[in-house]
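Novice: Let me give you the structure first, and then I'll get to my questions.
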Amino acid sequence: MLKILAVNPGSTSTKIAIFNNEEEIKSQTLYHSAEELKDFKNIADQYAFRLEKIMDFLEESNHSLSDFAAFVGRGGLIKPVQGGTYFVNETMVQELRMAKYGEHASNLGALIVNEFSKLTGKPAFIVDPVVVDEMDDIARISGHPDFQRRSIFHALNQKAVARKAASILEKRYEECNFIVAHMGGGVSVGAHKKGRVVDVNNALDGDGPFSPERSGTLPLTELIDLCYSGKYSFEEMKKKIKGEGGLVAHLGTNNAIEVQKMIDNGDKHAELVYHALAYQISKWIGRMVVPLEGNIDAIILTGGMAYDTRYMVRWIKEKVSYIAPIMVFPGGREEEALAMGALRILRGEEKAKNYI
């Protein structure tokens, strides 16, 4: 038995999961109130606080750090890297403490598992961070040299479900071509070509379909006009792109389940907007046919909205099922994806990479 501890920090919670090989034997979400976090100036300052909470959880659950074969944390904002499982090393730790590439709660993942590694001598890893960049050079070119298309997407879940799909097809991930649409708070659509995500929308910064709380690609001239209208501050405009865009801007909620209830109650405007979201995701799936040159093993739908088979999944299938078979993996089991990345290393199925 290879026992693995997965740590997934979010903005107001820390998700913990314990695995014996592929089997999850214990999981817990540790919630952190605004009152508990208010005195921390920076994300990295929360390190000791969250570490203590995890240690308390392990003690209460009768699990000792010495029992684990490895520790794995969610990858944070580091420099762009190829996909895979990486050793947590001092270079990575120092960059995350400094927030060299940006502040995000996920930065704490490597910091926490690094401490566990120091205490036990067991390895610490991260797996497929959001900054995974495997894009073809041609895909980086935009319509102006001052702007470059960037790869920021749900790499952890996209690659995890792609591996599952390949296994079902009795192939290796590196042998398959997939289009993967992660449909959560943000929406990313990636072209997976023989184990590399050669093209994908920047789901964080305003590229691609709109989502429950992000505006996605907008008409540029109208956006520029609004920026200089004097109606909104810089921060207010940023919120229009991320946080107060998409479904929440149109319908006042970022909860897809609430939108489905609105449709069930006869709200035609809600139905039109939600259908438009499915339409935009479908268009981006169609765009990813090009980098794969039409050679596609499957289209994969994942993320929270993939649970909605009555509307979202059905509407997308109606638009794109002629392209390739569709496989649906609802949700985004990030802790499982982290643990499986570590397990592949421990079993010798892959080699861990060094961050330099």
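Residue numbers start at 1 in each chain; chains themselves are named A, B, ... in the order of the structure tokens; ligands are numbered from 1 in the order shown.
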Could you give me, as a PyMOL selection string, the residues within 12 Å of Leu2 in chain A, counting only C-alpha atoms and dropping anything in the same chain fewer than 3 positions from it?
Specialist: chain A and resi 5+18-24+67-71+122+339-340+342-347
Novice: Contacts of Leu218 in chain A at 10 Å or less, counting only C-alpha atoms, minus same-chain residues fewer than 6 places along, as a list in words?
Specialist: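 Listed by chain and then number, they are Gly206, Asp207, Gly208, Pro209, Phe210 and Ile241 of chain A.
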Novice: For Thr302 in chain A, please output as a PyMOL selection string all residues within 7 Å (counting only C-alpha atoms; exclusion window: fewer than 2 positions along the same chain).
Specialist: chain A and resi 181-183+300+304+306+328-332
Novice: Selection from above, N, CA and C atoms, as a PDB file, in the first residue's frame, can you write it?
Specialist:
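Saved result, result-v7.pdb, follows:
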ATOM      1  N   ALA A 181     -13.207  20.071 -22.510  1.00  0.00           N
ATOM      2  CA  ALA A 181     -13.861  21.298 -22.055  1.00  0.00           C
ATOM      3  C   ALA A 181     -14.133  21.187 -20.567  1.00  0.00           C
ATOM      4  N   HIS A 182     -13.397  21.991 -19.773  1.00  0.00           N
ATOM      5  CA  HIS A 182     -13.657  22.080 -18.335  1.00  0.00           C
ATOM      6  C   HIS A 182     -14.658  23.206 -18.120  1.00  0.00           C
ATOM      7  N   MET A 183     -15.801  22.872 -17.522  1.00  0.00           N
ATOM      8  CA  MET A 183     -16.900  23.819 -17.388  1.00  0.00           C
ATOM      9  C   MET A 183     -17.213  24.026 -15.913  1.00  0.00           C
ATOM     10  N   ILE A 300     -14.265  15.550 -24.509  1.00  0.00           N
ATOM     11  CA  ILE A 300     -14.492  15.269 -23.090  1.00  0.00           C
ATOM     12  C   ILE A 300     -15.093  16.498 -22.420  1.00  0.00           C
ATOM     13  N   GLY A 304     -18.015  21.222 -13.037  1.00  0.00           N
ATOM     14  CA  GLY A 304     -19.301  21.180 -12.337  1.00  0.00           C
ATOM     15  C   GLY A 304     -20.512  21.187 -13.250  1.00  0.00           C
ATOM     16  N   ALA A 306     -20.855  19.856 -16.032  1.00  0.00           N
ATOM     17  CA  ALA A 306     -21.028  18.580 -16.726  1.00  0.00           C
ATOM     18  C   ALA A 306     -22.015  17.666 -15.998  1.00  0.00           C
ATOM     19  N   VAL A 328     -18.228  12.067 -20.822  1.00  0.00           N
ATOM     20  CA  VAL A 328     -18.567  13.036 -19.779  1.00  0.00           C
ATOM     21  C   VAL A 328     -18.021  12.559 -18.436  1.00  0.00           C
ATOM     22  N   PHE A 329     -17.210  13.409 -17.805  1.00  0.00           N
ATOM     23  CA  PHE A 329     -16.673  13.142 -16.471  1.00  0.00           C
ATOM     24  C   PHE A 329     -17.030  14.336 -15.589  1.00  0.00           C
ATOM     25  N   PRO A 330     -18.182  14.307 -14.933  1.00  0.00           N
ATOM     26  CA  PRO A 330     -18.636  15.474 -14.165  1.00  0.00           C
ATOM     27  C   PRO A 330     -17.707  15.796 -12.995  1.00  0.00           C
ATOM     28  N   GLY A 331     -17.703  17.074 -12.615  1.00  0.00           N
ATOM     29  CA  GLY A 331     -16.944  17.512 -11.455  1.00  0.00           C
ATOM     30  C   GLY A 331     -15.474  17.712 -11.784  1.00  0.00           C
ATOM     31  N   GLY A 332     -14.713  17.926 -10.752  1.00  0.00           N
ATOM     32  CA  GLY A 332     -13.271  18.110 -10.899  1.00  0.00           C
ATOM     33  C   GLY A 332     -12.570  17.596  -9.665  1.00  0.00           C
TER      34      GLY A 332
END
Novice: What gap, in Å, lies between CA of Asp137 in chain A and CA of Leu277 in chain A?
Specialist: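 Between CA of Asp137 in chain A and CA of Leu277 in chain A the gap is 28.8 Å.
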Novice: Need to verify the contact set: Lys159 in chain A, 12 Å, only C-alpha atoms, exclusion of same-chain residues closer than 2 positions in sequence. Can you return it as an NGL selection string?
Specialist: :A and (82-85 or 127-130 or 132 or 153-157 or 161-166 or 173-174 or 176-182 or 189-197 or 300 or 302 or 329 or 332-334 or 337-338 or 340-341)
Novice: What separation in Å, quoted to one decimal, exists between CA of Gly73 in chain A and CA of Val113 in chain A?
Specialist: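 Pair CA of Gly73 in chain A / CA of Val113 in chain A returns 6.0 Å.
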Novice: Measuring atom to atom with only C-alpha atoms, identify which of A:Arg310, A:Lys238, A:Lys3, A:His275 is nearest to Val72 in chain A.
Specialist: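 Closest to Val72 in chain A of all the choices is A:Lys3.
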Novice: Mind checking DSSP for range 195-293 of chain A and telling me the helix (DSSP H, G or I) residues as an MDAnalysis selection string?
Specialist: chainID A and resid 220:227 234:241 246:251 256:264 268:287
Novice: Separation of CA of Ala110 in chain A and CA of Gly76 in chain A, in Å?
Specialist: 7.5 Å
Novice: Using only C-alpha atoms, pick whichever of A:Asp45, A:Glu90, A:Glu60, A:Glu349 has the shortest atom-to-atom distance to His104 in chain A.
Specialist: A:Asp45
Novice: Using only C-alpha atoms, which residues sit within 8 Å of Arg140 in chain A once same-chain residues fewer than 4 positions away are excluded, as a list in words?
Specialist: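 Skipping anything fewer than 4 positions along the chain leaves Met135, Asp136, Gln148, Arg149 and Arg150 of chain A.
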Novice: Residues within 7 Å of range 26-31 of chain A, please, as a list in words. Count only C-alpha atoms; anything in the same chain fewer than 4 positions from it doesn't count.
Specialist: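 Counting only the stated atoms, we get Thr12, Ser13, Thr14, Lys15, Ile16, Ala17 and Ile18 of chain A.
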Novice: Store the residues of this selection in a file with C-alpha atoms, as a JSON list (two decimals), in the first residue's frame.
Specialist:
[["chain", "number", "residue", "atom", "x", "y", "z"],
["A", 12, "THR", "CA", -11.31, 30.14, 2.07],
["A", 13, "SER", "CA", -10.71, 26.41, 2.54],
["A", 14, "THR", "CA", -8.11, 23.67, 2.47],
["A", 15, "LYS", "CA", -9.17, 20.33, 1.03],
["A", 16, "ILE", "CA", -7.36, 17.27, 2.37],
["A", 17, "ALA", "CA", -7.54, 13.72, 1.04],
["A", 18, "ILE", "CA", -5.76, 10.53, 2.04]]
Novice: Give the answer as one residue: which of A:Val320, A:Val131, A:Met305, A:Leu108 has the shortest atom-to-atom distance to Pro80 in chain A, using only C-alpha atoms?
Specialist: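 Counting only C-alpha atoms, the residue closest to Pro80 in chain A is A:Val131.
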Novice: Choose the residue, out of A:Leu37, A:Leu169, A:Ile356, A:Ile257, that has the smallest atom-to-atom separation from Ala298 in chain A; count only C-alpha atoms.
Specialist: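 Nearest to Ala298 in chain A: A:Leu169.
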Novice: Determine which residues of range 286-348 of chain A receive a DSSP assignment of strand (DSSP E or B), computed from the backbone, and state them as an MDAnalysis selection string.
Specialist: chainID A and resid 298:303 326:331
Novice: Those same residues, written as a PDB file, in the first residue's frame with N, CA and C atoms?
Specialist:
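Now in selection17.pdb:
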ATOM      1  N   ALA A 298     -11.883  11.657 -28.905  1.00  0.00           N
ATOM      2  CA  ALA A 298     -13.103  11.947 -28.149  1.00  0.00           C
ATOM      3  C   ALA A 298     -13.124  13.414 -27.745  1.00  0.00           C
ATOM      4  N   ILE A 299     -14.321  13.912 -27.530  1.00  0.00           N
ATOM      5  CA  ILE A 299     -14.547  15.209 -26.892  1.00  0.00           C
ATOM      6  C   ILE A 299     -14.943  14.916 -25.455  1.00  0.00           C
ATOM      7  N   ILE A 300     -14.265  15.550 -24.509  1.00  0.00           N
ATOM      8  CA  ILE A 300     -14.492  15.269 -23.090  1.00  0.00           C
ATOM      9  C   ILE A 300     -15.093  16.498 -22.420  1.00  0.00           C
ATOM     10  N   LEU A 301     -16.213  16.306 -21.729  1.00  0.00           N
ATOM     11  CA  LEU A 301     -16.858  17.371 -20.963  1.00  0.00           C
ATOM     12  C   LEU A 301     -16.650  17.083 -19.477  1.00  0.00           C
ATOM     13  N   THR A 302     -16.168  18.082 -18.736  1.00  0.00           N
ATOM     14  CA  THR A 302     -15.886  17.893 -17.319  1.00  0.00           C
ATOM     15  C   THR A 302     -16.168  19.191 -16.568  1.00  0.00           C
ATOM     16  N   GLY A 303     -15.926  19.184 -15.266  1.00  0.00           N
ATOM     17  CA  GLY A 303     -16.251  20.342 -14.435  1.00  0.00           C
ATOM     18  C   GLY A 303     -17.667  20.261 -13.892  1.00  0.00           C
ATOM     19  N   ILE A 326     -18.464  11.654 -27.582  1.00  0.00           N
ATOM     20  CA  ILE A 326     -18.419  12.524 -26.412  1.00  0.00           C
ATOM     21  C   ILE A 326     -18.379  11.691 -25.144  1.00  0.00           C
ATOM     22  N   MET A 327     -17.450  12.031 -24.250  1.00  0.00           N
ATOM     23  CA  MET A 327     -17.318  11.377 -22.960  1.00  0.00           C
ATOM     24  C   MET A 327     -17.512  12.433 -21.879  1.00  0.00           C
ATOM     25  N   VAL A 328     -18.228  12.067 -20.822  1.00  0.00           N
ATOM     26  CA  VAL A 328     -18.567  13.036 -19.779  1.00  0.00           C
ATOM     27  C   VAL A 328     -18.021  12.559 -18.436  1.00  0.00           C
ATOM     28  N   PHE A 329     -17.210  13.409 -17.805  1.00  0.00           N
ATOM     29  CA  PHE A 329     -16.673  13.142 -16.471  1.00  0.00           C
ATOM     30  C   PHE A 329     -17.030  14.336 -15.589  1.00  0.00           C
ATOM     31  N   PRO A 330     -18.182  14.307 -14.933  1.00  0.00           N
ATOM     32  CA  PRO A 330     -18.636  15.474 -14.165  1.00  0.00           C
ATOM     33  C   PRO A 330     -17.707  15.796 -12.995  1.00  0.00           C
ATOM     34  N   GLY A 331     -17.703  17.074 -12.615  1.00  0.00           N
ATOM     35  CA  GLY A 331     -16.944  17.512 -11.455  1.00  0.00           C
ATOM     36  C   GLY A 331     -15.474  17.712 -11.784  1.00  0.00           C
TER      37      GLY A 331
END
